[in-house]
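**Student:** Structure in C-alpha cells, see below.
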Amino acid sequence: MKSLRQMFWLGPFLLLISISAQAQPHCDISSDLSASIAEFNAQQVSRIEALLMLGEQYNLCLGIEYVDRNLLTDLVDIHVKSGTAATAIDSILSPTRGLTIERRNGAIEIRQRVSADKVRNIFGYVIPKWESSRGPIQVVSLLLHWALVSELNHQLSGFGGHTGGGNPQDLVGPFNENDQSVRDLLDKVVAQSKGAAWISEVSGDQVTDLGLPEKRRIWMIVEYGGPKDQYPDLLRAIADQLPPQVK
Amino acid sequence: MTRQLRVAVLSGVFLLSSLAMVRSAQAQVTPPVLSSQPTSDQMTNIPYFTLRDGMSSTLTLQNLASTPTKVTLTIFNTEGRAHVLDPITLDPHSFKEVQLADVAPQGFDSGNIEVAFNGITMVVTCQVSIFSLAERVSFESREQDMMDFESTNLAGIVSLPKGADGFLAVTNVSKNTLKYQLTAGSMEKTATLLPRETRLIKLNENERVAPTLVKLQQNGLPGDLITTGYVLNLKNGYSSSFFMVDPGIMRSSVLAGAHFRVGQPDPSEGFPEGTRFSSPLLLANVSAKPVVAHVSVDYTVENKQDSKGNDEDAKNNSTTVSKDTVLKVKDLTIAPGDVQQVELSDALGGVGQIAEAGVDIAYDAAPGSVIGQLTSVDQSGDYAFVVPVKDPEGMSEALEGGYPWTLENGTTTVLHLKNTTKDIQTVGVIIRYAGGTYIPDGFDLQPYQTIAVDIKKLRDSKQPDGQGRLIPSDATQGQLVWMQQTPYTVIGRAEGTDVAAGTSKSFSCIIGCCDYFWSDFTVSPDPMNGLVGEGGQFAVTNIGTDCFGNGFLWYNVQAKAASWSTTNAAVATVSSSGYAYCAGAGSATVSGNFNDKNYYMKPPLYSQCVYSAFIYPTPSPVNVGPYQVEPVADTGHGPALSNGCAGWYRYVTNQIQNQNGSPFAHAGIIMNDVVDFGTTNQLGLSPIFGNPVTTDSSGNWYNDLYEVCTSKCPTPGGESDALQSWTYNNLGLPHSNLVIYKCGSITIDGR
C-alpha cells in the first residue's frame, strides 16, 4: 500500500510542475557557520527578512525559533562585508540579546540561549516516531504538524483541513525518525529542501503552550526563490499572530 | 525599500493588476448600430495644370476610404476637349501620384481635370502640384467643389514681388458658355469661356508691385467658374499661389492661418545658413464700408535646457520647454476695395527661436467683408510658402482633414493645426503608413495655439503610441488624418517641403462632416478591485470612428468627464478626476459621465456641420474587499498522503473572488483560514489549519492541499462537514466554504 501511495504522491506533483516551476536555490548542507560571506546588503527590510535574504543568497537553510514583532516588522538597512555566516547573522540580529546561533541537522538554528523547560517547549517536544513519505516540503510540514498534534492529544482519531502546498518540486523525505524533537525534525526537513527556512509563529511566552498546535500552526516553512515580495507579506502574517511587544 | 515606497509599489501593483482587466464599456453602453454611409456618384474639378514652359504637373489622388475606390480621370485641354483616362483604383487609405506628362496625350499640355468616383462624399481628394525643379518653383491647383461657392463673385489678393508675374487660370466647369468680368487694379477684362475651357490670364500686363485686390464675376451658377492663381519669378525661384475665394461662404468675422515662418528657421530644417523669413500678411476689404481688422499671432518658443552646462540637455528633445504666447500685432482700418499689409515678423523680433506660429484676424464687420493672403518668403525669394488664410467657420470647412505625407527624396511633411478659438480644443490625429497605423494621443490645443506634428521627427523619436506601435523607420509615405471634436474650431494643413529642391506642397482640404461618426469610451480597470482604505485612478480612453473607418484615440480623458458618480458612496467614492477611494466593503458602480457628440449636416441647406451633445456614461464596478474563496482548478487528488491513517487528498488552485464570482485580482493579500467541523463529523476529524498564503496578481494561489486522514476510514457513506472560514489580511470574508470530507472524496462548495 505504501508504494502505491508514493505513486499517487508523485502524480499530482508532476502535473503541478508547470504551474510554479522556478529555478530554486539549493540548501548547502556542507556550509557551516564559518562559511564565507563576501558581502550582503539589504535596505529597509525587517531583520528576519534580512535573514531569509541572506539564506537565499548564500544557500543557508535556517531554523528561526525565536521571533518577536520587532524582528519581524522594524525596517533596517543591513550591510555586511567580508565575514562569516555567523558574523553576518550576528550582525543582522545584533540588537537582540540572548540568542544562540548553532548549526544542527544541516540547518542553522537561531533560538533563545536559555530556553524554557524542554518538555514545555513546543519545539523541544520529542516525537517518539515520525514517518513521512517523500513529498513537497509544505505537505511534509503539515504532516509533521499533525504528528505533533496527535502526540499531544491521543484522543484525536483523524484530521481534516488544508494547507498551502508551496512549490511541488521541492521534495523532501522520506523520513523515518525516532525520538526527535520537533526542532530537530524541522531542521532535517529544511536541510533537504531546495532552500528554505522554518520560522516559529509563536512568541517566547507562547512557546510553552502545548495546547496551541491544536488551535493553529506554530511554524511556517518559507521557501526561498518564490515571488520576490512574498517575505514581507508572510512575515507580517506571523507578526500579526504575536502578542504586542513593548519596544 | 521604505514603507512609503512599499505602499507605492503595492498601489502600483493594484493599479497594474487592475489595468490588466481593461474591458470596453460597450458592455454597459451599447453604441448605435451603424449602417454604411450611402455611396453615390461624386465629381470634383481641378482648375488648372500645365506642362508648358518646362513645368511639370503631378496629380495627387487620395482615397480616404477603408475600401478601394475606383477613380475616373478626364483631362480637358485649354480648349475644353476631353480625354478620358483608364480608371485608376486607389488602395484603401492611400494616395497615388499621377505624372500628367505620362498620361496626357498630345495637345493636352495644359487645361483642367475632372475627377469622378463612386463613394461617400469627399472620400477622394485631389490636387495638382505644378512645379519646375530647374527653376525651383512650385504652386498648387486645388480641387474645388460646390461647398466653396455661395455666389458668383470671387475675390483674391495678388502681390507681385519685383520681377514676378501674376497669373490667374480660369476654368468653366459648367455645360454652358460663361461670361466673366475680371478686375485687378486698373485692369479690367471681360471674356467668355466655353464649357471646360481654361484660360490663363496674366495679371500684370502693366508693371505693378503693390498688392492688389482681384475680383471676378461670372454669369453662371455658383461654382461654374473655378480658378487657380499663382505668382512666379523664374529668375530667383519665387513662386506662390493666391486664392480666389467667395466671400459669401464665410460665416464668421474671423480669419486664421496655421503656420507661418519668421526669422531664422530651425537649423534642422536644412535651409541655407543666413536664411531669414518674413511673412507679409495682406488683408483686403471686399465690402462697401471701412473695416477695422485686429491682427494677432500665436507663437511657440522652444527653450533648450542646459541644466549641466555641458550641452547634453540640448541634444535631448525631452528637455525642450515650449511656451505658447498670443501677441497682438496691429489694428488696421481698411477702406473699401483697399489692401493693407502687415509684416508679422515685425511683431516677433527678439522673442527667440520660434518653433511654430499662427495668425488670427478678427474684423469688425459682417462675415466675408475681409479676405487675406499670406506668404512666408525668405530674403532671396527662392523659398516661399503659401499659408491659406481661412474663415474657420466657412462653408468649405467642417470636421476633418486628410492629407498625404511623404519623406521621400528629402521631403519633410509637417501637419500644422491651429486652434482659432479662445477655448481649449481637442484634436485627434491618425498617421497611416504601408501596413500599419500610428495613433498618437489626441492633442489639446490651447486657445489660439498652433502646433506642428512633424512626421519625420515623430518617426525617428521611436516614441510608441498608446498601443505600443511605432512608425517604422523605413516608412516614407502614407496618409494622415486629423479630426476636431468641435466643428469649425481648428484649421489644419500639411506642408511638404523639399528644401534642397526649393519646392513645397501644401494640403489643406477639409473632408466633410461625418454624420456616421460614433464614439465609445472605455474605462480601466473594469472592474476595480481594492481594499478598504485603498484607492485607484480610473483611466478612460475615447475612441472615435469616422465615416472613413478612421479610429481616433484620446487617452486619459478621465478628468474631462462632466461628472463622476457612484451608486454607493459608503463603498466607493470618486473624485472629479476619476480617482476612486475604497470606503467600505461591498460593491458599487462608479461611472464617468462624458460629453459626447454626434455630427450631422444642418438641414435644410446641408451646408453647416453641427453636433448634438449627449452624456455617455462609462460604468465600472468597484469591488471593495473580496467576497469569497473558491477553487478554480483541480490539480490532483488521491488517497491520503499521511501515514498511519486513511483518507483522501485533493490539490486545488484557490482564487479570491468578488461577489459575482469574478477574480478579485489583487496581489499580496494574506489569506488564512479557520476550519470548524459541525455536528456531521462521522469521521471524527479534528481541524488542522493552514499557514498563510499570499495571492498573486490574478488573486490566485496554487497547490492548496486539502486532506482528510482518520483511523475511521474506510467508512462507507461517512462524512465530516466543515465550515472553512477565510480571512484576508486578518479580515473575515463574508462567504465561508462548506467542505465535505469523505474517505474517498473532498468537495468544496459542491465542487
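Residues are named by chain letter and number: chains run A, B, ... in the order of the C-alpha cells, numbers start at 1 in each chain, and ligands are numbered from 1 in the order shown.
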Would you list the contacts of Asp77 of chain A as a PyMOL selection string, taking every protein, DNA or RNA residue within 12 Å and counting only C-alpha atoms, but skipping same-chain residues closer than 3 positions in sequence?
**Tutor:** (chain A and resi 40-47+49-50+74+80+91-93) or (chain B and resi 1-2)
**Student:** Output N, CA and C atoms of each residue in that selection to a file, as a compact mmCIF listing (two decimals), in the first residue's frame.
**Tutor:**
```
# COMPACT_ATOMS: atom_id res chain seq x y z
N PHE A 40 26.90 41.34 1.90
CA PHE A 40 25.45 41.22 1.96
C PHE A 40 24.85 42.58 2.28
N ASN A 41 23.93 42.99 1.46
CA ASN A 41 23.28 44.29 1.66
C ASN A 41 21.77 44.13 1.55
N ALA A 42 21.09 44.80 2.41
CA ALA A 42 19.62 44.83 2.33
C ALA A 42 19.15 46.18 2.86
N GLN A 43 18.25 46.77 2.14
CA GLN A 43 17.75 48.09 2.56
C GLN A 43 16.29 48.00 2.95
N GLN A 44 16.01 48.62 4.06
CA GLN A 44 14.64 48.76 4.55
C GLN A 44 13.89 47.44 4.55
N VAL A 45 14.47 46.51 5.27
CA VAL A 45 13.85 45.20 5.47
C VAL A 45 13.83 44.91 6.96
N SER A 46 12.96 43.99 7.34
CA SER A 46 12.99 43.56 8.75
C SER A 46 14.21 42.64 8.93
N ARG A 47 14.58 42.44 10.18
CA ARG A 47 15.78 41.62 10.42
C ARG A 47 15.53 40.16 10.02
N GLU A 49 13.51 39.23 7.65
CA GLU A 49 13.56 39.22 6.18
C GLU A 49 15.01 39.23 5.71
N ALA A 50 15.84 39.98 6.41
CA ALA A 50 17.26 40.01 6.05
C ALA A 50 17.87 38.62 6.20
N ASP A 74 10.22 45.78 12.17
CA ASP A 74 11.02 47.01 12.13
C ASP A 74 11.97 46.98 10.92
N VAL A 80 26.78 43.98 5.35
CA VAL A 80 27.79 43.06 5.88
C VAL A 80 28.84 42.88 4.80
N SER A 91 25.36 40.02 13.05
CA SER A 91 25.23 41.43 12.71
C SER A 91 23.76 41.78 12.43
N ILE A 92 23.09 40.89 11.74
CA ILE A 92 21.67 41.14 11.42
C ILE A 92 20.83 41.18 12.69
N LEU A 93 21.14 40.30 13.62
CA LEU A 93 20.32 40.19 14.83
C LEU A 93 20.93 40.95 16.01
N MET B 1 13.84 49.02 0.93
CA MET B 1 12.59 49.62 0.46
C MET B 1 11.90 50.31 1.64
N THR B 2 11.62 51.56 1.49
CA THR B 2 10.95 52.29 2.56
C THR B 2 9.48 51.88 2.63
```
**Student:** Could you name the residues that touch Gly436 of chain B at 10 Å or less, counting only C-alpha atoms, but leaving out those on the same chain fewer than 4 positions away, as a VMD selection string?
**Tutor:** chain B and resid 431 to 432 469 to 472 475 478
**Student:** Determine the nearest neighbour of chain B from the options A:Leu60, A:Val139, A:Leu171, A:Ile37, counting only C-alpha atoms.
**Tutor:** A:Val139
**Student:** Report as an NGL selection string the set of chain A residues whose atoms approach chain B to within 6 Å, with distances computed over only C-alpha atoms.
**Tutor:** :A and (12 or 43-44 or 157-165 or 216)
**Student:** Which residues come within 10 Å of Val222 of chain A, counting only C-alpha atoms, excluding same-chain residues fewer than 3 positions away, as a list in words?
**Tutor:**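 Surrounding residues, per the criterion: Leu52, Leu62, Ile137, Gln138, Gly166, Val190, Gly195, Ala196, Ala197, Trp198, Ile199, Trp219, Gly225, Gly226, Gln230, Tyr231, Leu234 and Leu235 of chain A.
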**Student:** Can you tell me, as a compact mmCIF listing (two decimals) with C-alpha atoms, in the first residue's frame, what residues are no more than 7 Å from segment 45-49 of chain B when counting only C-alpha atoms, ignoring any on the same chain fewer than 6 positions away?
**Tutor:**
```txt
# COMPACT_ATOMS: atom_id res chain seq x y z
CA SER B 57 2.24 68.70 -63.06
CA SER B 110 -2.44 72.41 -70.26
CA GLY B 111 -6.02 72.59 -69.07
CA ASN B 112 -8.13 71.22 -66.25
CA ILE B 113 -9.13 67.89 -64.74
CA GLU B 114 -12.35 66.23 -63.70
CA VAL B 115 -12.17 63.50 -61.05
CA GLN B 127 -4.92 68.47 -56.19
CA VAL B 128 -2.31 69.19 -58.80
CA ILE B 130 2.76 72.34 -60.61
CA SER B 141 -4.05 73.89 -58.08
CA ARG B 142 -6.65 72.62 -55.64
CA GLU B 143 -9.90 70.84 -56.28
CA GLN B 144 -12.95 73.00 -55.95
CA ALA B 169 -6.19 80.39 -64.58
CA VAL B 170 -9.96 80.37 -65.01
CA THR B 171 -11.91 77.28 -65.96
CA ILE B 226 -13.11 77.79 -60.81
CA THR B 227 -9.67 79.32 -60.57
CA THR B 228 -6.04 78.87 -59.70
```
**Student:** When DSSP works through the backbone of this structure, what residues of segment 43-290 of chain B end up as helix (DSSP H, G or I), shown as a list in words?
**Tutor:** Leu100, Ala101, Asp102, Val103, Met146, Met147, Asp148, Pro247, Gly248, Ile249, Pro267, Ser268 and Glu269 of chain B
**Student:** Pick out the residues sitting within 6 Å of Leu99 of chain A, and hand them over as a PyMOL selection string; count only C-alpha atoms, and ignore anything fewer than 2 positions along from it in its own chain.
**Tutor:** chain A and resi 97+111-113
**Student:** Output N, CA and C atoms for every residue in that selection, as a compact mmCIF listing (two decimals), in the first residue's frame.
**Tutor:**
```txt
# COMPACT_ATOMS: atom_id res chain seq x y z
N ARG A 97 19.46 40.36 22.29
CA ARG A 97 20.42 39.67 23.15
C ARG A 97 19.91 38.27 23.49
N ARG A 111 17.89 30.53 18.14
CA ARG A 111 16.88 30.45 19.19
C ARG A 111 17.40 31.11 20.46
N GLN A 112 16.53 31.15 21.42
CA GLN A 112 16.92 31.78 22.67
C GLN A 112 18.00 30.94 23.37
N ARG A 113 18.98 31.68 23.96
CA ARG A 113 20.09 30.97 24.60
C ARG A 113 19.58 30.13 25.78
```
**Student:** Need to verify the contact set: Leu186 of chain A, 12 Å, only C-alpha atoms, exclusion of same-chain residues closer than 5 positions in sequence. Can you return it as a VMD selection string?
**Tutor:** chain A and resid 61 to 65 104 to 109 123 to 127 130 137 to 138 140 to 145 148 172 to 173 175 177 180 to 181 191 to 193 196 to 200 218 to 222
**Student:** Can you list every residue in segment 29-114 of chain B that DSSP puts in strand (DSSP E), as number ranges by chain?
**Tutor:** B: 40-50, 56-63, 69-77, 82-84, 88-90, 94-99, 110-114
